[in-house]
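A.B. asks: Have a look at this one.
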Amino acid sequence: MGATGGTDGPIVVVGPPGSGKTTVGRVLAERLGVAFADADADIEAGQGRTISDIFAEDGEDAFRAIEERTIAATLADHDGVYALGGGAILSERTRARLREHTVVFLNVGMAEGVRRTGLSSARPLLAGVNPRATYKALLDARLPLYREVATCEVSTDERTPDDIAAEALRCIDERHRSSGGNPSTDPSTVRST
Ligand SMILES: Nc1ncnc2c1ncn2[C@@H]1O[C@H](COP(=O)(O)OP(=O)(O)OP(=O)(O)O)[C@@H](O)[C@H]1O
Ligand SMILES: O=C(O)C1=C[C@@H](O)[C@@H](O)[C@H](O)C1
Ligand SMILES: [Mg+2]
C-alpha cells in the first residue's frame, strides 16, 4: 500500500533543477506522515562523494547508470515520498518503471528556474558559461518526458512550497478517486496550473 493508501510504492516527485522537488517533497511527506527519500542524496551517500565529483571523475554516463540503479532499488522498497534528480527521466527504463507509480511533476518557468538554481556549482549541468541558455535547452528537451511520466502537474512559479504541496495532494486524491486507485488505468495527466 502506497503513501496515499492508493497504490503500491512511493509517491514520486519529478521536475527540472530548482523546481522544488526536495523542498516540496519534504512538505508532502510531512503532511502524509511518511518518510522522505531523495535520489540525489542517496547517490551521494552510496558513493561517498558529491554528484559534482561523480560527473568530474567518471562522467555523466556513469552518473546516469548509478542513478538508474539507485532509483530502481528505491522504487521497489520505499513507501513514502521520493524526489528524483532533475535528469532521472532521461532514462527510458526509469520512465517505464514510473508507469506503476503516482508521479507529481513540479513545473517551473525558465526565469524562476534560473533564479532558483543561481550559479551553484552543485549542479554540474548548469555550471557552464550561459546557465540561462542551458536551462532553456534542458526544459525544451525534457518537458515531454516529465509529462510522459506525470500523474499530476503542478506549476510552482510564485507559489509557496506549502501551497504547491496542498495542490499536489488534491490532485493525487482526485486521481485515486477517479481511477480506482491505479494510476496506470488512466494515463492522462491532471494539470493543476
Ligand atoms: N515554491 C518555491 N518558491 C520559492 N523558492 C523555492 C520554491 N521551491 C523551492 N525553492 C527554492 O529553490 C531552490 C531549489 O529548490 P530545491 O532544491 O527544492 O529544488 P530541486 O528541484 O530539488 O533541485 P535539484 O534538481 O537541483 O535537486 C532552493 O533554494 C529552495 O529554497
Ligand atoms: O538535471 C540534471 O540532469 C541533474 C539534476 C540534479 O538533480 C542531479 O541529479 C544532477 O546534477 C543532474
Ligand atoms: Mg533536489
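Chain labels A, B, ... are given in the sequence in which chains occur in the C-alpha cells; within each chain residues are numbered consecutively from 1, and ligands are likewise numbered from 1 in the order shown.
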Taking only C-alpha atoms and all ligand atoms and a cut-off of 8 Å, can you tell me which residues surround ligand 2, written as a list in words?
C.D. replies: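 Residues lying within 8 Å of ligand 2: Pro16, Pro17, Ala39, Asp40, Ile51, Ser52, Glu67, Leu84, Gly85, Gly86, Gly87, Ala88, Ala122, Arg123, Pro124, Leu125 and Leu138 of chain A.
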A.B. asks: Write out the residues from the selection above, keeping N, CA and C atoms, as a compact mmCIF listing (two decimals), in the first residue's frame.
C.D. replies:
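Printed below is part12.txt as written:
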# COMPACT_ATOMS: atom_id res chain seq x y z
N PRO A 16 12.40 19.82 -13.29
CA PRO A 16 13.72 20.35 -13.59
C PRO A 16 14.46 20.81 -12.34
N PRO A 17 15.76 21.04 -12.45
CA PRO A 17 16.52 21.57 -11.32
C PRO A 17 15.88 22.86 -10.80
N ALA A 39 16.71 11.00 -4.35
CA ALA A 39 17.66 10.18 -5.12
C ALA A 39 19.06 10.80 -5.13
N ASP A 40 19.16 12.13 -5.30
CA ASP A 40 20.49 12.76 -5.33
C ASP A 40 21.24 12.51 -4.02
N ILE A 51 27.75 14.70 -6.24
CA ILE A 51 27.36 14.49 -7.64
C ILE A 51 28.34 15.22 -8.56
N SER A 52 28.76 16.41 -8.16
CA SER A 52 29.75 17.15 -8.97
C SER A 52 31.02 16.32 -9.15
N GLU A 67 22.50 6.39 -11.14
CA GLU A 67 21.18 6.99 -10.84
C GLU A 67 20.05 5.99 -11.15
N LEU A 84 13.16 12.58 -7.27
CA LEU A 84 14.22 12.14 -8.19
C LEU A 84 15.11 13.31 -8.56
N GLY A 85 16.28 13.02 -9.13
CA GLY A 85 17.13 14.07 -9.68
C GLY A 85 16.47 14.64 -10.94
N GLY A 86 16.86 15.85 -11.31
CA GLY A 86 16.21 16.53 -12.44
C GLY A 86 16.31 15.78 -13.76
N GLY A 87 17.37 15.00 -13.96
CA GLY A 87 17.56 14.32 -15.24
C GLY A 87 17.22 12.84 -15.20
N ALA A 88 16.64 12.37 -14.12
CA ALA A 88 16.38 10.93 -13.97
C ALA A 88 15.44 10.40 -15.07
N ALA A 122 26.98 23.13 -7.49
CA ALA A 122 26.48 21.83 -7.06
C ALA A 122 25.64 21.18 -8.16
N ARG A 123 25.31 21.97 -9.22
CA ARG A 123 24.55 21.40 -10.34
C ARG A 123 25.45 21.44 -11.57
N PRO A 124 26.21 20.37 -11.80
CA PRO A 124 27.26 20.41 -12.83
C PRO A 124 26.74 20.74 -14.22
N LEU A 125 25.50 20.33 -14.54
CA LEU A 125 25.00 20.59 -15.89
C LEU A 125 24.69 22.07 -16.11
N LEU A 138 17.52 22.55 -21.63
CA LEU A 138 17.16 21.43 -20.75
C LEU A 138 15.62 21.33 -20.62
A.B. asks: Where does DSSP see strand (DSSP E or B) in range 53-118 of chain A, if you list the residues as a PyMOL selection string?
C.D. replies: chain A and resi 81-83+103-107
A.B. asks: Which polymer residues have any atom within 10 Å of an atom of Arg31 in chain A, counting only C-alpha atoms, with same-chain residues fewer than 6 positions away left out, as a list in words?
C.D. replies: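 Close residues of Arg31 in chain A: Gly25, Asp162, Ala165, Ala166 and Leu169 of chain A.
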A.B. asks: Using only C-alpha atoms, please write the residues we just selected to a file, as a short mmCIF file (atom, residue, chain, number, x, y, z; two decimals), in the first residue's frame.
C.D. replies:
data_model
loop_
_atom_site.label_atom_id
_atom_site.label_comp_id
_atom_site.auth_asym_id
_atom_site.auth_seq_id
_atom_site.Cartn_x
_atom_site.Cartn_y
_atom_site.Cartn_z
CA GLY A 25 8.79 16.60 -1.44
CA ASP A 162 3.01 24.61 1.28
CA ALA A 165 2.13 20.51 -1.75
CA ALA A 166 -1.57 21.11 -0.99
CA LEU A 169 -2.31 16.29 -2.65
#
A.B. asks: Between A:Glu153, A:Met110, A:Glu167, A:Thr117, which has the minimum distance to Ala133 in chain A (counting only C-alpha atoms)?
C.D. replies: A:Met110
A.B. asks: Please, which residues have at least one atom within 7 Å of an atom of ligand 3, using only C-alpha atoms and all ligand atoms, listed as a ChimeraX atom specification?
C.D. replies: /A:20-22,38,40,83,85
A.B. asks: Once DSSP has gone over the backbone, tell me which residues of range 77-169 of chain A are in helix (DSSP H, G or I), as a ChimeraX atom specification.
C.D. replies: /A:77,88-90,92-98,110-117,124-126,131-149,161-169
A.B. asks: Just write the chosen residues, N, CA and C atoms, as a short mmCIF file (atom, residue, chain, number, x, y, z; two decimals), in the first residue's frame.
C.D. replies:
data_model
loop_
_atom_site.label_atom_id
_atom_site.label_comp_id
_atom_site.auth_asym_id
_atom_site.auth_seq_id
_atom_site.Cartn_x
_atom_site.Cartn_y
_atom_site.Cartn_z
N ASP A 77 11.35 -0.54 -2.88
CA ASP A 77 11.25 -0.82 -1.43
C ASP A 77 10.93 0.38 -0.54
N ALA A 88 16.64 12.37 -14.12
CA ALA A 88 16.38 10.93 -13.97
C ALA A 88 15.44 10.40 -15.07
N ILE A 89 14.53 11.28 -15.52
CA ILE A 89 13.54 10.84 -16.53
C ILE A 89 14.15 10.69 -17.93
N LEU A 90 15.44 11.02 -18.08
CA LEU A 90 16.10 10.79 -19.37
C LEU A 90 16.23 9.30 -19.65
N GLU A 92 14.97 5.74 -20.26
CA GLU A 92 13.73 5.10 -20.71
C GLU A 92 13.28 4.03 -19.72
N ARG A 93 14.27 3.32 -19.15
CA ARG A 93 13.91 2.26 -18.18
C ARG A 93 13.29 2.87 -16.92
N THR A 94 13.82 4.01 -16.49
CA THR A 94 13.22 4.66 -15.32
C THR A 94 11.81 5.14 -15.65
N ARG A 95 11.63 5.70 -16.84
CA ARG A 95 10.27 6.16 -17.22
C ARG A 95 9.30 4.99 -17.25
N ALA A 96 9.76 3.84 -17.73
CA ALA A 96 8.88 2.66 -17.75
C ALA A 96 8.52 2.25 -16.33
N ARG A 97 9.49 2.29 -15.43
CA ARG A 97 9.21 1.91 -14.02
C ARG A 97 8.21 2.87 -13.39
N LEU A 98 8.29 4.14 -13.78
CA LEU A 98 7.41 5.15 -13.17
C LEU A 98 5.95 4.97 -13.56
N MET A 110 11.22 29.25 -17.03
CA MET A 110 12.67 29.39 -17.18
C MET A 110 13.25 30.45 -16.25
N ALA A 111 12.62 31.63 -16.20
CA ALA A 111 13.20 32.72 -15.39
C ALA A 111 13.30 32.32 -13.92
N GLU A 112 12.23 31.74 -13.41
CA GLU A 112 12.22 31.35 -12.00
C GLU A 112 13.18 30.17 -11.74
N GLY A 113 13.24 29.24 -12.69
CA GLY A 113 14.16 28.10 -12.55
C GLY A 113 15.61 28.56 -12.50
N VAL A 114 15.95 29.51 -13.38
CA VAL A 114 17.33 30.03 -13.41
C VAL A 114 17.61 30.79 -12.12
N ARG A 115 16.62 31.57 -11.66
CA ARG A 115 16.80 32.33 -10.43
C ARG A 115 17.04 31.39 -9.24
N ARG A 116 16.23 30.32 -9.16
CA ARG A 116 16.36 29.42 -8.01
C ARG A 116 17.65 28.62 -8.03
N THR A 117 18.10 28.26 -9.22
CA THR A 117 19.32 27.44 -9.27
C THR A 117 20.58 28.31 -9.20
N PRO A 124 26.21 20.37 -11.80
CA PRO A 124 27.26 20.41 -12.83
C PRO A 124 26.74 20.74 -14.22
N LEU A 125 25.50 20.33 -14.54
CA LEU A 125 25.00 20.59 -15.89
C LEU A 125 24.69 22.07 -16.11
N LEU A 126 24.53 22.84 -15.02
CA LEU A 126 24.20 24.26 -15.16
C LEU A 126 25.39 25.16 -14.83
N PRO A 131 24.16 29.78 -18.13
CA PRO A 131 23.17 28.91 -17.47
C PRO A 131 21.74 29.13 -17.98
N ARG A 132 21.44 30.35 -18.43
CA ARG A 132 20.10 30.64 -18.93
C ARG A 132 19.80 29.83 -20.20
N ALA A 133 20.75 29.84 -21.15
CA ALA A 133 20.57 29.07 -22.39
C ALA A 133 20.56 27.58 -22.09
N THR A 134 21.43 27.17 -21.18
CA THR A 134 21.49 25.74 -20.83
C THR A 134 20.17 25.31 -20.20
N TYR A 135 19.64 26.17 -19.32
CA TYR A 135 18.40 25.82 -18.64
C TYR A 135 17.25 25.73 -19.65
N LYS A 136 17.23 26.65 -20.61
CA LYS A 136 16.15 26.63 -21.62
C LYS A 136 16.24 25.35 -22.46
N ALA A 137 17.46 24.99 -22.88
CA ALA A 137 17.63 23.78 -23.69
C ALA A 137 17.18 22.55 -22.90
N LEU A 138 17.52 22.55 -21.63
CA LEU A 138 17.16 21.43 -20.75
C LEU A 138 15.62 21.33 -20.62
N LEU A 139 14.97 22.48 -20.42
CA LEU A 139 13.50 22.46 -20.30
C LEU A 139 12.86 21.99 -21.60
N ASP A 140 13.33 22.52 -22.74
CA ASP A 140 12.76 22.14 -24.04
C ASP A 140 12.87 20.64 -24.27
N ALA A 141 14.03 20.10 -23.95
CA ALA A 141 14.26 18.68 -24.22
C ALA A 141 13.48 17.78 -23.26
N ARG A 142 13.31 18.25 -22.02
CA ARG A 142 12.75 17.35 -21.00
C ARG A 142 11.26 17.48 -20.75
N LEU A 143 10.68 18.62 -21.12
CA LEU A 143 9.26 18.82 -20.80
C LEU A 143 8.38 17.63 -21.24
N PRO A 144 8.56 17.14 -22.50
CA PRO A 144 7.73 15.98 -22.90
C PRO A 144 7.96 14.76 -22.03
N LEU A 145 9.18 14.61 -21.53
CA LEU A 145 9.49 13.41 -20.73
C LEU A 145 8.88 13.51 -19.33
N TYR A 146 8.92 14.73 -18.73
CA TYR A 146 8.26 14.91 -17.43
C TYR A 146 6.76 14.63 -17.59
N ARG A 147 6.21 15.14 -18.70
CA ARG A 147 4.75 14.98 -18.90
C ARG A 147 4.40 13.53 -19.21
N GLU A 148 5.32 12.82 -19.85
CA GLU A 148 5.06 11.39 -20.15
C GLU A 148 4.85 10.58 -18.87
N VAL A 149 5.60 10.92 -17.83
CA VAL A 149 5.51 10.11 -16.60
C VAL A 149 4.54 10.68 -15.56
N PRO A 161 5.95 26.56 -1.13
CA PRO A 161 6.01 25.09 -1.08
C PRO A 161 4.76 24.48 -0.42
N ASP A 162 4.22 25.12 0.62
CA ASP A 162 3.01 24.61 1.28
C ASP A 162 1.83 24.57 0.32
N ASP A 163 1.67 25.65 -0.42
CA ASP A 163 0.58 25.77 -1.38
C ASP A 163 0.72 24.71 -2.50
N ILE A 164 1.95 24.54 -2.96
CA ILE A 164 2.22 23.57 -4.03
C ILE A 164 1.93 22.14 -3.53
N ALA A 165 2.36 21.85 -2.30
CA ALA A 165 2.13 20.51 -1.75
C ALA A 165 0.63 20.26 -1.59
N ALA A 166 -0.12 21.28 -1.15
CA ALA A 166 -1.57 21.11 -0.99
C ALA A 166 -2.23 20.83 -2.34
N GLU A 167 -1.79 21.54 -3.35
CA GLU A 167 -2.34 21.33 -4.70
C GLU A 167 -2.01 19.91 -5.21
N ALA A 168 -0.80 19.49 -4.95
CA ALA A 168 -0.40 18.14 -5.39
C ALA A 168 -1.25 17.08 -4.69
N LEU A 169 -1.50 17.27 -3.39
CA LEU A 169 -2.31 16.29 -2.65
C LEU A 169 -3.74 16.25 -3.17
#
A.B. asks: Excluding same-chain residues fewer than 6 positions from Tyr82 in chain A, what lies within 7 Å of it counting only C-alpha atoms, as a PyMOL selection string?
C.D. replies: chain A and resi 10-13+36-38
A.B. asks: Excluding Phe63 in chain A and residues on its chain fewer than 5 positions from it, collect all residues at most 10 Å away from it, counting only C-alpha atoms, and give them as JSON, numbers by chain.
C.D. replies: {"A": [43, 51, 52, 53, 54, 55, 56, 57, 58, 68]}
A.B. asks: How would the residues just chosen look if you wrote them out with N, CA and C atoms as a PDB file, in the first residue's frame?
C.D. replies:
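Written out: out.pdb:
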ATOM      1  N   ILE A  43      22.348   8.885  -3.776  1.00  0.00           N
ATOM      2  CA  ILE A  43      23.509   8.594  -4.642  1.00  0.00           C
ATOM      3  C   ILE A  43      24.793   9.089  -3.971  1.00  0.00           C
ATOM      4  N   ILE A  51      27.749  14.697  -6.243  1.00  0.00           N
ATOM      5  CA  ILE A  51      27.361  14.491  -7.640  1.00  0.00           C
ATOM      6  C   ILE A  51      28.340  15.222  -8.561  1.00  0.00           C
ATOM      7  N   SER A  52      28.762  16.413  -8.162  1.00  0.00           N
ATOM      8  CA  SER A  52      29.753  17.146  -8.971  1.00  0.00           C
ATOM      9  C   SER A  52      31.021  16.317  -9.147  1.00  0.00           C
ATOM     10  N   ASP A  53      31.457  15.666  -8.075  1.00  0.00           N
ATOM     11  CA  ASP A  53      32.666  14.838  -8.176  1.00  0.00           C
ATOM     12  C   ASP A  53      32.437  13.624  -9.078  1.00  0.00           C
ATOM     13  N   ILE A  54      31.251  13.029  -8.998  1.00  0.00           N
ATOM     14  CA  ILE A  54      30.961  11.873  -9.868  1.00  0.00           C
ATOM     15  C   ILE A  54      31.020  12.314 -11.340  1.00  0.00           C
ATOM     16  N   PHE A  55      30.386  13.453 -11.636  1.00  0.00           N
ATOM     17  CA  PHE A  55      30.424  13.976 -13.012  1.00  0.00           C
ATOM     18  C   PHE A  55      31.874  14.235 -13.440  1.00  0.00           C
ATOM     19  N   ALA A  56      32.640  14.889 -12.562  1.00  0.00           N
ATOM     20  CA  ALA A  56      34.011  15.290 -12.927  1.00  0.00           C
ATOM     21  C   ALA A  56      34.929  14.072 -13.070  1.00  0.00           C
ATOM     22  N   GLU A  57      34.762  13.102 -12.187  1.00  0.00           N
ATOM     23  CA  GLU A  57      35.695  11.964 -12.188  1.00  0.00           C
ATOM     24  C   GLU A  57      35.301  10.863 -13.171  1.00  0.00           C
ATOM     25  N   ASP A  58      33.982  10.603 -13.293  1.00  0.00           N
ATOM     26  CA  ASP A  58      33.544   9.441 -14.078  1.00  0.00           C
ATOM     27  C   ASP A  58      32.711   9.812 -15.303  1.00  0.00           C
ATOM     28  N   GLU A  68      20.147   5.345 -12.314  1.00  0.00           N
ATOM     29  CA  GLU A  68      19.097   4.395 -12.709  1.00  0.00           C
ATOM     30  C   GLU A  68      19.003   3.227 -11.723  1.00  0.00           C
TER      31      GLU A  68
END
A.B. asks: Which residue, A:Val104, A:Val24, A:Val129, A:Ile172, has the smallest gap to ligand 1 when you use only C-alpha atoms and all ligand atoms?
C.D. replies: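 Looking only at the distances to ligand 1, the closest residue turns out to be A:Val24.
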A.B. asks: So how far away is CA of Thr23 in chain A from CA of Gly48 in chain A, in Å?
C.D. replies: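 If I compute the distance from CA of Gly48 in chain A to CA of Thr23 in chain A, I get 22.8 Å.
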A.B. asks: Restricting the calculation to only C-alpha atoms, which member of A:Gly80, A:Arg69, A:Thr50, A:Arg159 is positioned closest to Ala35 in chain A?
C.D. replies: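 Closest residue, counting only C-alpha atoms: A:Gly80.
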